[in-house]
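Written out below as structure tokens is the structure these notes cover.
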Amino acid sequence: MQGQNRKDIFPGLEVGIILKKDQRSGQVTYGIVDRLLTSSAFHSRGIKVRLEDGQVGRVCEIVEEN
């Protein structure tokens with residue numbers, strides 16, 4: 001799983017996240033990071049972010065590195 005280290009994620013990065021409602025199914029939602037919500041340097045289930053469209057979830061994959 002990518003997206004566990006805060007240093008790898010920044011605003012403007014395209015990522016795949018798992019929303020709280022999709023945790024059971026594992027459905028991935030894609031978008032652009034607007035803001036990082038996890039303050040710790042590492043999180044085992046993924047760094048929590050808010051996408052530009054307002055959705056909040058944990059990063060499960062980094063789609064595009066700038």
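We label chains A, B, ... in the order they appear in the structure tokens, count residues from 1 in each chain, and number ligands from 1 in the order shown.
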Quick one: pick out all strand (DSSP E) residues within chain A from a backbone DSSP run and write them as a PDB file with N, CA and C atoms, in the first residue's frame.
```pdb
ATOM      1  N   GLU A  14      -2.341  13.657  -7.531  1.00  0.00           N
ATOM      2  CA  GLU A  14      -3.477  12.808  -7.874  1.00  0.00           C
ATOM      3  C   GLU A  14      -3.342  11.482  -7.132  1.00  0.00           C
ATOM      4  N   VAL A  15      -4.392  11.125  -6.382  1.00  0.00           N
ATOM      5  CA  VAL A  15      -4.342   9.928  -5.541  1.00  0.00           C
ATOM      6  C   VAL A  15      -5.647   9.142  -5.636  1.00  0.00           C
ATOM      7  N   GLY A  16      -5.591   7.915  -5.164  1.00  0.00           N
ATOM      8  CA  GLY A  16      -6.782   7.103  -4.965  1.00  0.00           C
ATOM      9  C   GLY A  16      -7.001   6.994  -3.470  1.00  0.00           C
ATOM     10  N   ILE A  17      -8.235   7.234  -3.021  1.00  0.00           N
ATOM     11  CA  ILE A  17      -8.552   7.141  -1.601  1.00  0.00           C
ATOM     12  C   ILE A  17      -9.706   6.163  -1.390  1.00  0.00           C
ATOM     13  N   ILE A  18      -9.799   5.684  -0.160  1.00  0.00           N
ATOM     14  CA  ILE A  18     -10.945   4.867   0.231  1.00  0.00           C
ATOM     15  C   ILE A  18     -11.756   5.699   1.217  1.00  0.00           C
ATOM     16  N   LEU A  19     -12.993   5.989   0.838  1.00  0.00           N
ATOM     17  CA  LEU A  19     -13.894   6.740   1.695  1.00  0.00           C
ATOM     18  C   LEU A  19     -14.350   5.861   2.856  1.00  0.00           C
ATOM     19  N   THR A  29     -11.756   5.851  -4.795  1.00  0.00           N
ATOM     20  CA  THR A  29     -12.209   7.104  -5.395  1.00  0.00           C
ATOM     21  C   THR A  29     -10.968   7.906  -5.756  1.00  0.00           C
ATOM     22  N   TYR A  30     -10.919   8.434  -6.973  1.00  0.00           N
ATOM     23  CA  TYR A  30      -9.738   9.171  -7.423  1.00  0.00           C
ATOM     24  C   TYR A  30      -9.988  10.667  -7.435  1.00  0.00           C
ATOM     25  N   GLY A  31      -8.931  11.425  -7.159  1.00  0.00           N
ATOM     26  CA  GLY A  31      -9.039  12.876  -7.175  1.00  0.00           C
ATOM     27  C   GLY A  31      -7.716  13.536  -6.851  1.00  0.00           C
ATOM     28  N   ILE A  32      -7.768  14.856  -6.736  1.00  0.00           N
ATOM     29  CA  ILE A  32      -6.584  15.674  -6.458  1.00  0.00           C
ATOM     30  C   ILE A  32      -6.609  16.097  -4.991  1.00  0.00           C
ATOM     31  N   VAL A  33      -5.476  15.943  -4.299  1.00  0.00           N
ATOM     32  CA  VAL A  33      -5.381  16.313  -2.886  1.00  0.00           C
ATOM     33  C   VAL A  33      -5.509  17.827  -2.734  1.00  0.00           C
ATOM     34  N   ASP A  34      -6.421  18.237  -1.835  1.00  0.00           N
ATOM     35  CA  ASP A  34      -6.573  19.645  -1.492  1.00  0.00           C
ATOM     36  C   ASP A  34      -5.836  19.940  -0.191  1.00  0.00           C
ATOM     37  N   ARG A  35      -5.978  19.016   0.785  1.00  0.00           N
ATOM     38  CA  ARG A  35      -5.423  19.257   2.113  1.00  0.00           C
ATOM     39  C   ARG A  35      -5.134  17.935   2.812  1.00  0.00           C
ATOM     40  N   LEU A  36      -4.041  17.879   3.563  1.00  0.00           N
ATOM     41  CA  LEU A  36      -3.722  16.708   4.370  1.00  0.00           C
ATOM     42  C   LEU A  36      -4.372  16.875   5.738  1.00  0.00           C
ATOM     43  N   LYS A  48      -4.897  10.469   5.868  1.00  0.00           N
ATOM     44  CA  LYS A  48      -6.234  10.990   5.571  1.00  0.00           C
ATOM     45  C   LYS A  48      -6.100  12.340   4.876  1.00  0.00           C
ATOM     46  N   VAL A  49      -6.833  12.496   3.765  1.00  0.00           N
ATOM     47  CA  VAL A  49      -6.778  13.735   2.983  1.00  0.00           C
ATOM     48  C   VAL A  49      -8.185  14.180   2.595  1.00  0.00           C
ATOM     49  N   ARG A  50      -8.282  15.470   2.239  1.00  0.00           N
ATOM     50  CA  ARG A  50      -9.500  16.006   1.641  1.00  0.00           C
ATOM     51  C   ARG A  50      -9.173  16.281   0.180  1.00  0.00           C
ATOM     52  N   LEU A  51     -10.018  15.773  -0.718  1.00  0.00           N
ATOM     53  CA  LEU A  51      -9.831  16.017  -2.143  1.00  0.00           C
ATOM     54  C   LEU A  51     -10.393  17.383  -2.506  1.00  0.00           C
ATOM     55  N   VAL A  56     -13.461  13.075   1.741  1.00  0.00           N
ATOM     56  CA  VAL A  56     -12.405  12.777   2.699  1.00  0.00           C
ATOM     57  C   VAL A  56     -12.208  11.271   2.788  1.00  0.00           C
ATOM     58  N   GLY A  57     -10.947  10.847   2.754  1.00  0.00           N
ATOM     59  CA  GLY A  57     -10.651   9.424   2.885  1.00  0.00           C
ATOM     60  C   GLY A  57      -9.163   9.204   3.086  1.00  0.00           C
ATOM     61  N   ARG A  58      -8.791   7.940   3.177  1.00  0.00           N
ATOM     62  CA  ARG A  58      -7.383   7.577   3.391  1.00  0.00           C
ATOM     63  C   ARG A  58      -6.749   7.158   2.069  1.00  0.00           C
ATOM     64  N   VAL A  59      -5.545   7.655   1.831  1.00  0.00           N
ATOM     65  CA  VAL A  59      -4.833   7.379   0.582  1.00  0.00           C
ATOM     66  C   VAL A  59      -4.438   5.911   0.537  1.00  0.00           C
ATOM     67  N   CYS A  60      -4.811   5.249  -0.569  1.00  0.00           N
ATOM     68  CA  CYS A  60      -4.427   3.852  -0.763  1.00  0.00           C
ATOM     69  C   CYS A  60      -3.480   3.716  -1.952  1.00  0.00           C
ATOM     70  N   GLU A  61      -3.448   4.734  -2.810  1.00  0.00           N
ATOM     71  CA  GLU A  61      -2.517   4.673  -3.930  1.00  0.00           C
ATOM     72  C   GLU A  61      -2.216   6.082  -4.445  1.00  0.00           C
ATOM     73  N   ILE A  62      -0.986   6.261  -4.880  1.00  0.00           N
ATOM     74  CA  ILE A  62      -0.582   7.515  -5.500  1.00  0.00           C
ATOM     75  C   ILE A  62      -0.590   7.293  -7.005  1.00  0.00           C
ATOM     76  N   VAL A  63      -1.424   8.057  -7.706  1.00  0.00           N
ATOM     77  CA  VAL A  63      -1.618   7.860  -9.139  1.00  0.00           C
ATOM     78  C   VAL A  63      -0.525   8.560  -9.940  1.00  0.00           C
ATOM     79  N   GLU A  64      -0.245   9.790  -9.581  1.00  0.00           N
ATOM     80  CA  GLU A  64       0.682  10.603 -10.370  1.00  0.00           C
ATOM     81  C   GLU A  64       1.614  11.362  -9.456  1.00  0.00           C
TER      82      GLU A  64
END
```
Spatial neighbours of Phe42 of chain A, max dist 9 Å, only C-alpha atoms, sep filter under 5 positions, as a PDB file with C-alpha atoms, in the first residue's frame:
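Contents of around04.pdb, as written:
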```
ATOM      1  CA  GLY A   3       0.159   6.579   0.928  1.00  0.00           C
ATOM      2  CA  GLN A   4       1.237   5.669   4.447  1.00  0.00           C
ATOM      3  CA  ASN A   5       3.976   8.301   4.696  1.00  0.00           C
ATOM      4  CA  ARG A   6       2.945  11.949   5.006  1.00  0.00           C
ATOM      5  CA  LYS A   7       6.120  13.128   3.253  1.00  0.00           C
ATOM      6  CA  ILE A  47      -2.816   9.334   5.363  1.00  0.00           C
TER       7      ILE A  47
END
```
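Rounded to one decimal, atom CA of Leu13 of chain A and atom CA of Ser25 of chain A lie 24.2 Å from each other.
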